[in-house]
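Accompanying notes for the structure given below.
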Amino acid sequence: MTTVTTDLLDRPGARITFDVRGSGPLLVLVGSPMGADGFGPLADAMAADHTVVTFDPRGTGRSPADDPDTDSTVALRAADLAALVEHVGGAPVTLFGSSGGAVVSLALAQERPELVGVVVAHEPPLEELLPDAAEHRAATEQIVRTYREQGGAAAWALFLESAGLGAAPDDAPASAADDAGLPATDGDATAQQAADERHFFLHEMRETVRWRPDPQQLRGRRVVVGIGSASAGQICDRTSRALAAELGRDPEPFPGGHVGWLEDPAGFVARLREVLART
């Protein structure tokens with residue numbers, strides 16, 4: 001079994017819990033809102049020849065924020081990631097970012113290029129790059145409003161439908177959101193799950209999808225844009241293709257959908273190794 005060491009990093013307004021496994025070049029797996037647990041299988045596989053770091057982003061899971069009503073901006077999460085890389089050592093680092101974690105990874109590469117060697121940005125939800133961005137802003141506000149007025153189950157169903165990930169079954173909103181790599185709750189939610197869900201809908205989701213990259217800066221970075229082969233037509237397929245076009249490069253297909261490393265672990269790991277080997 002892979003040995004996992006857990007540690008804590010104090011940050012302004014939060015304490016970031018992170019895990020380290022393996023040895024070799026530093027690879028950080030970045031999720032948002034997904035924490036370290038969702039990357040477990042991928043982290044174990046890559047630890048065969050990398051020092052792999054996973055962590056819970058501020059306000060989620062084991063990384064509580066001092067003020068739970070503070071917005072978690074992309075800039076703030078990127079600063080947390082920069083501090084984590086500097087704390088662990090081994091820069092320039094390879095980043096694999098998924099969903100909102102891909103957005104945070106791009107922000108770090110843009111603002112602190114000396115810390116980043118390669119970024120694999122897997123399905124970043126950069127809605128501001130789309131021609132119908134105004135419609136997506138309105139949809140985001142509707143999701144937040146639905147959460148406030150009707151609760152998590154209704155908000156997750158609307159979120160999944162808006163993202164093109166499919167509607168959640170009436171009796172299993174948590175399962176559908178889990179399939180999307182997101183922290184969901186149901187009627188038996190723990191206090192931590194409920195807090196994570198609240199943080200995501202009220203203080204993180206809006207900040208993530210409204211961040212706009214600077215393509216001119218990112219063109220000079222080693223950035224790979226990954227898209228799930230099963231994600232055709234979904235919002236993150238569109239945003240990823242838009243980013244790749246802005247950067248003047250082709251997107252790279254990966255097995256599965258938005259959380260392909262859970263759907264096809266062996267195939268995803270093989271593909272990630274292939275991409276890293278030639279980047």
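Following the order of the structure tokens, first chain is A, next is B, and so on, with residues numbered from 1 inside each chain and ligands from 1 in the order they appear.
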Worksheet entry | All helix (DSSP H, G or I) positions in range 116-249 of chain A, as a ChimeraX atom specification | /A:127-129,133-150,152-163,173-179,191-209,215-218,235-247
Could you save the residues just selected, with C-alpha atoms, as an mmCIF file, in the first residue's frame?
```
data_model
loop_
_atom_site.group_PDB
_atom_site.id
_atom_site.type_symbol
_atom_site.label_atom_id
_atom_site.label_comp_id
_atom_site.auth_asym_id
_atom_site.auth_seq_id
_atom_site.Cartn_x
_atom_site.Cartn_y
_atom_site.Cartn_z
ATOM 1 C CA GLU A 127 -17.512 30.288 -18.991
ATOM 2 C CA GLU A 128 -16.365 33.844 -19.688
ATOM 3 C CA LEU A 129 -14.616 32.542 -22.827
ATOM 4 C CA ALA A 133 -21.270 33.930 -21.334
ATOM 5 C CA ALA A 134 -24.089 36.256 -20.245
ATOM 6 C CA GLU A 135 -26.564 33.360 -20.312
ATOM 7 C CA HIS A 136 -24.240 31.279 -18.161
ATOM 8 C CA ARG A 137 -23.863 34.109 -15.658
ATOM 9 C CA ALA A 138 -27.632 34.212 -15.341
ATOM 10 C CA ALA A 139 -27.744 30.426 -14.923
ATOM 11 C CA THR A 140 -25.166 30.612 -12.138
ATOM 12 C CA GLU A 141 -27.228 33.200 -10.292
ATOM 13 C CA GLN A 142 -30.294 31.001 -10.654
ATOM 14 C CA ILE A 143 -28.406 28.044 -9.144
ATOM 15 C CA VAL A 144 -27.287 30.163 -6.173
ATOM 16 C CA ARG A 145 -30.830 31.470 -5.717
ATOM 17 C CA THR A 146 -32.207 27.935 -5.898
ATOM 18 C CA TYR A 147 -29.795 26.793 -3.214
ATOM 19 C CA ARG A 148 -30.865 29.628 -0.911
ATOM 20 C CA GLU A 149 -34.569 29.086 -1.479
ATOM 21 C CA GLN A 150 -34.935 25.324 -2.050
ATOM 22 C CA GLY A 152 -28.994 21.495 -1.960
ATOM 23 C CA ALA A 153 -30.894 18.776 -3.825
ATOM 24 C CA ALA A 154 -32.686 21.264 -6.078
ATOM 25 C CA ALA A 155 -29.502 23.283 -6.608
ATOM 26 C CA TRP A 156 -27.467 20.201 -7.569
ATOM 27 C CA ALA A 157 -30.112 19.090 -10.034
ATOM 28 C CA LEU A 158 -30.067 22.523 -11.684
ATOM 29 C CA PHE A 159 -26.265 22.659 -11.613
ATOM 30 C CA LEU A 160 -25.872 19.257 -13.272
ATOM 31 C CA GLU A 161 -28.452 20.097 -15.912
ATOM 32 C CA SER A 162 -26.778 23.440 -16.652
ATOM 33 C CA ALA A 163 -23.372 21.774 -16.959
ATOM 34 C CA PRO A 173 -28.815 13.993 -5.908
ATOM 35 C CA ALA A 174 -25.690 13.041 -4.008
ATOM 36 C CA SER A 175 -24.816 10.167 -6.346
ATOM 37 C CA ALA A 176 -25.171 12.280 -9.456
ATOM 38 C CA ALA A 177 -23.047 15.058 -8.029
ATOM 39 C CA ASP A 178 -20.462 12.536 -6.841
ATOM 40 C CA ASP A 179 -20.210 11.330 -10.433
ATOM 41 C CA ALA A 191 -22.488 18.514 9.089
ATOM 42 C CA GLN A 192 -19.223 18.638 7.100
ATOM 43 C CA GLN A 193 -20.940 17.705 3.835
ATOM 44 C CA ALA A 194 -23.561 20.370 4.413
ATOM 45 C CA ALA A 195 -20.872 22.965 5.153
ATOM 46 C CA ASP A 196 -18.918 21.996 2.015
ATOM 47 C CA GLU A 197 -22.041 22.259 -0.095
ATOM 48 C CA ARG A 198 -22.902 25.683 1.331
ATOM 49 C CA HIS A 199 -19.360 26.918 0.718
ATOM 50 C CA PHE A 200 -19.448 25.743 -2.894
ATOM 51 C CA PHE A 201 -22.790 27.264 -3.853
ATOM 52 C CA LEU A 202 -22.469 30.537 -1.955
ATOM 53 C CA HIS A 203 -18.751 31.307 -1.964
ATOM 54 C CA GLU A 204 -16.836 29.325 -4.604
ATOM 55 C CA MET A 205 -18.828 28.404 -7.720
ATOM 56 C CA ARG A 206 -19.494 31.954 -8.915
ATOM 57 C CA GLU A 207 -15.851 32.950 -8.353
ATOM 58 C CA THR A 208 -14.579 29.981 -10.368
ATOM 59 C CA VAL A 209 -16.707 30.221 -13.494
ATOM 60 C CA PRO A 215 -4.239 34.026 -23.064
ATOM 61 C CA GLN A 216 -1.266 36.210 -23.963
ATOM 62 C CA GLN A 217 0.478 35.282 -20.718
ATOM 63 C CA LEU A 218 -0.526 31.616 -20.849
ATOM 64 C CA ILE A 235 -20.202 22.906 -20.785
ATOM 65 C CA CYS A 236 -16.632 21.988 -19.817
ATOM 66 C CA ASP A 237 -16.049 20.516 -23.266
ATOM 67 C CA ARG A 238 -17.022 23.886 -24.764
ATOM 68 C CA THR A 239 -14.963 25.949 -22.319
ATOM 69 C CA SER A 240 -11.910 23.712 -22.730
ATOM 70 C CA ARG A 241 -12.056 23.977 -26.494
ATOM 71 C CA ALA A 242 -12.426 27.736 -26.199
ATOM 72 C CA LEU A 243 -9.319 27.923 -24.014
ATOM 73 C CA ALA A 244 -7.312 25.728 -26.385
ATOM 74 C CA ALA A 245 -8.327 27.963 -29.288
ATOM 75 C CA GLU A 246 -7.237 31.066 -27.340
ATOM 76 C CA LEU A 247 -3.875 29.434 -26.712
#
```
Response to the item:
Min atom-atom distance to Leu26 in chain A from the set A:Ala79, A:Leu42, A:Val4, A:Val85, counting only C-alpha atoms, belongs to A:Val85
Worksheet item: Any idea what's packed within 9 Å of range 261-276 of chain A, counting only C-alpha atoms, ignoring anything in its chain fewer than 2 positions away? Could you give it as a VMD selection string?
Response: chain A and resid 38 to 39 41 to 42 45 to 46 94 118 120 179 224 252 to 259 278 to 279
Worksheet entry | Long-range neighbours of Asp49 in chain A as a PyMOL selection string, 8 Å cut-off, only C-alpha atoms, 6 positions minimum in chain | chain A and resi 22-25
Would you kindly return, as a compact mmCIF listing (two decimals) with N, CA, C and O atoms, in the first residue's frame, each protein, DNA or RNA residue with an atom no farther than 10 Å from any atom of range 104-112 of chain A, considering only C-alpha atoms and excluding same-chain residues fewer than 3 positions away?
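Contents of the output file part.txt:
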```
# COMPACT_ATOMS: atom_id res chain seq x y z
N VAL A 28 1.33 17.96 -8.20
CA VAL A 28 0.23 18.37 -7.33
C VAL A 28 -1.08 18.20 -8.08
O VAL A 28 -1.22 18.70 -9.21
N LEU A 29 -2.02 17.50 -7.47
CA LEU A 29 -3.35 17.29 -8.04
C LEU A 29 -4.29 18.30 -7.40
O LEU A 29 -4.43 18.34 -6.17
N VAL A 30 -4.91 19.12 -8.24
CA VAL A 30 -5.65 20.28 -7.75
C VAL A 30 -7.12 20.16 -8.13
O VAL A 30 -7.47 20.10 -9.31
N GLY A 31 -7.97 20.12 -7.13
CA GLY A 31 -9.41 20.11 -7.36
C GLY A 31 -10.04 21.36 -6.78
O GLY A 31 -9.45 22.06 -5.98
N SER A 32 -11.26 21.62 -7.21
CA SER A 32 -12.04 22.71 -6.65
C SER A 32 -13.44 22.62 -7.26
O SER A 32 -13.56 22.83 -8.46
N THR A 73 -12.01 33.29 -3.71
CA THR A 73 -11.69 33.73 -5.06
C THR A 73 -10.64 32.83 -5.68
O THR A 73 -9.90 32.12 -4.98
N VAL A 74 -10.54 32.87 -7.00
CA VAL A 74 -9.51 32.10 -7.69
C VAL A 74 -8.13 32.60 -7.28
O VAL A 74 -7.21 31.81 -7.06
N ALA A 75 -7.97 33.90 -7.15
CA ALA A 75 -6.68 34.46 -6.76
C ALA A 75 -6.27 33.96 -5.37
O ALA A 75 -5.09 33.65 -5.12
N LEU A 76 -7.23 33.87 -4.46
CA LEU A 76 -6.94 33.39 -3.11
C LEU A 76 -6.55 31.93 -3.12
O LEU A 76 -5.58 31.52 -2.46
N ARG A 77 -7.28 31.11 -3.88
CA ARG A 77 -6.93 29.69 -3.96
C ARG A 77 -5.58 29.49 -4.66
O ARG A 77 -4.82 28.58 -4.32
N ALA A 78 -5.28 30.32 -5.66
CA ALA A 78 -3.98 30.22 -6.34
C ALA A 78 -2.85 30.60 -5.39
O ALA A 78 -1.76 30.00 -5.42
N ALA A 79 -3.10 31.58 -4.51
CA ALA A 79 -2.08 31.94 -3.52
C ALA A 79 -1.86 30.81 -2.52
O ALA A 79 -0.73 30.55 -2.09
N ASP A 80 -2.95 30.12 -2.15
CA ASP A 80 -2.80 28.95 -1.28
C ASP A 80 -1.95 27.88 -1.96
O ASP A 80 -1.07 27.26 -1.34
N LEU A 81 -2.22 27.65 -3.25
CA LEU A 81 -1.47 26.65 -4.00
C LEU A 81 0.00 27.04 -4.11
O LEU A 81 0.89 26.19 -3.96
N ALA A 82 0.27 28.32 -4.35
CA ALA A 82 1.66 28.79 -4.41
C ALA A 82 2.38 28.54 -3.09
O ALA A 82 3.52 28.05 -3.06
N THR A 94 4.76 20.14 -11.52
CA THR A 94 3.75 19.75 -12.48
C THR A 94 2.40 19.77 -11.78
O THR A 94 2.24 19.22 -10.70
N LEU A 95 1.43 20.44 -12.41
CA LEU A 95 0.09 20.53 -11.86
C LEU A 95 -0.89 19.78 -12.74
O LEU A 95 -0.90 19.97 -13.96
N PHE A 96 -1.70 18.92 -12.13
CA PHE A 96 -2.87 18.38 -12.81
C PHE A 96 -4.08 18.97 -12.11
O PHE A 96 -4.34 18.66 -10.95
N GLY A 97 -4.78 19.85 -12.79
CA GLY A 97 -5.96 20.49 -12.22
C GLY A 97 -7.21 20.03 -12.91
O GLY A 97 -7.25 19.94 -14.13
N SER A 98 -8.23 19.73 -12.12
CA SER A 98 -9.50 19.28 -12.67
C SER A 98 -10.59 20.29 -12.34
O SER A 98 -10.67 20.80 -11.22
N SER A 99 -11.43 20.60 -13.33
CA SER A 99 -12.58 21.47 -13.14
C SER A 99 -12.11 22.80 -12.55
O SER A 99 -11.24 23.47 -13.09
N GLY A 100 -12.67 23.21 -11.39
CA GLY A 100 -12.22 24.46 -10.79
C GLY A 100 -10.77 24.42 -10.40
O GLY A 100 -10.10 25.46 -10.35
N GLY A 101 -10.24 23.22 -10.12
CA GLY A 101 -8.82 23.09 -9.84
C GLY A 101 -7.95 23.41 -11.05
O GLY A 101 -6.82 23.89 -10.92
N LEU A 115 7.05 29.04 -10.42
CA LEU A 115 6.71 27.88 -9.60
C LEU A 115 6.19 26.71 -10.42
O LEU A 115 6.07 25.60 -9.89
N VAL A 116 5.86 26.95 -11.68
CA VAL A 116 5.11 25.96 -12.46
C VAL A 116 5.89 25.54 -13.69
O VAL A 116 6.32 26.38 -14.49
N GLY A 117 6.07 24.22 -13.83
CA GLY A 117 6.69 23.70 -15.04
C GLY A 117 5.66 23.38 -16.10
O GLY A 117 5.70 23.90 -17.21
N VAL A 118 4.70 22.51 -15.76
CA VAL A 118 3.66 22.07 -16.69
C VAL A 118 2.32 22.13 -15.97
O VAL A 118 2.22 21.79 -14.79
N VAL A 119 1.30 22.57 -16.70
CA VAL A 119 -0.07 22.50 -16.21
C VAL A 119 -0.88 21.63 -17.16
O VAL A 119 -0.93 21.90 -18.36
N VAL A 120 -1.51 20.60 -16.62
CA VAL A 120 -2.54 19.87 -17.36
C VAL A 120 -3.87 20.36 -16.81
O VAL A 120 -4.24 20.03 -15.68
N ALA A 121 -4.56 21.17 -17.60
CA ALA A 121 -5.83 21.76 -17.18
C ALA A 121 -6.96 20.92 -17.76
O ALA A 121 -7.29 21.03 -18.94
N PRO A 124 -11.46 22.88 -17.51
CA PRO A 124 -11.72 24.07 -16.70
C PRO A 124 -13.02 24.76 -17.14
O PRO A 124 -13.22 25.01 -18.33
N THR A 208 -15.32 30.85 -9.45
CA THR A 208 -14.58 29.98 -10.37
C THR A 208 -14.97 30.22 -11.81
O THR A 208 -14.12 30.43 -12.68
N TRP A 211 -13.85 33.60 -13.56
CA TRP A 211 -12.45 33.98 -13.75
C TRP A 211 -12.12 33.92 -15.23
O TRP A 211 -12.48 32.98 -15.94
N ARG A 212 -11.41 34.94 -15.70
CA ARG A 212 -11.05 34.99 -17.12
C ARG A 212 -9.52 34.96 -17.25
O ARG A 212 -8.83 35.82 -16.69
N PRO A 213 -8.98 34.00 -17.97
CA PRO A 213 -7.52 33.92 -18.12
C PRO A 213 -6.99 34.99 -19.07
O PRO A 213 -7.75 35.61 -19.83
N ASP A 214 -5.69 35.21 -19.00
CA ASP A 214 -4.99 36.10 -19.93
C ASP A 214 -4.26 35.21 -20.93
O ASP A 214 -3.16 34.74 -20.65
N PRO A 215 -4.86 34.95 -22.11
CA PRO A 215 -4.24 34.03 -23.06
C PRO A 215 -2.84 34.44 -23.48
O PRO A 215 -1.98 33.59 -23.72
N GLN A 216 -2.59 35.75 -23.54
CA GLN A 216 -1.27 36.21 -23.96
C GLN A 216 -0.19 35.73 -22.98
O GLN A 216 0.89 35.30 -23.41
N GLN A 217 -0.49 35.78 -21.70
CA GLN A 217 0.48 35.28 -20.72
C GLN A 217 0.59 33.76 -20.77
O GLN A 217 1.69 33.20 -20.71
N LEU A 218 -0.53 33.08 -20.90
CA LEU A 218 -0.53 31.62 -20.85
C LEU A 218 0.07 30.98 -22.10
O LEU A 218 0.52 29.83 -22.04
N ARG A 219 0.09 31.70 -23.22
CA ARG A 219 0.70 31.13 -24.43
C ARG A 219 2.17 30.82 -24.23
O ARG A 219 2.73 29.96 -24.90
N GLY A 220 2.82 31.55 -23.34
CA GLY A 220 4.23 31.30 -23.09
C GLY A 220 4.49 30.24 -22.04
O GLY A 220 5.64 29.96 -21.70
N ARG A 221 3.44 29.62 -21.52
CA ARG A 221 3.57 28.59 -20.49
C ARG A 221 3.34 27.21 -21.11
O ARG A 221 2.71 27.07 -22.16
N ARG A 222 3.81 26.18 -20.43
CA ARG A 222 3.56 24.81 -20.90
C ARG A 222 2.21 24.35 -20.33
O ARG A 222 2.14 23.81 -19.23
N VAL A 223 1.17 24.62 -21.10
CA VAL A 223 -0.19 24.33 -20.68
C VAL A 223 -0.80 23.30 -21.63
O VAL A 223 -0.80 23.49 -22.85
```
Practice prompt. Would you please work out which residue, of A:Pro64, A:Ser229, A:Asp56, A:Leu8, is nearest to Glu123 in chain A when using only C-alpha atoms?
Written response: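 Ranked by minimum distance to Glu123 in chain A, first place goes to A:Ser229.
The two atoms in question, CA of Ala277 in chain A and CA of Ala91 in chain A, are spaced 17.6 Å apart.
When only C-alpha atoms are used to compute distances to Val103 in chain A, the closest of the residues A:Pro131, A:Gly228, A:Pro251, A:Pro125 turns out to be A:Pro125.
When CA of Val225 in chain A is paired with CA of Thr6 in chain A, their separation reads 29.7 Å.
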Item to complete: Rounded to one decimal place, report the CA of Thr17 in chain A-CA of Arg62 in chain A distance in Å.
Response: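 One can read the CA of Thr17 in chain A to CA of Arg62 in chain A distance as 5.8 Å.
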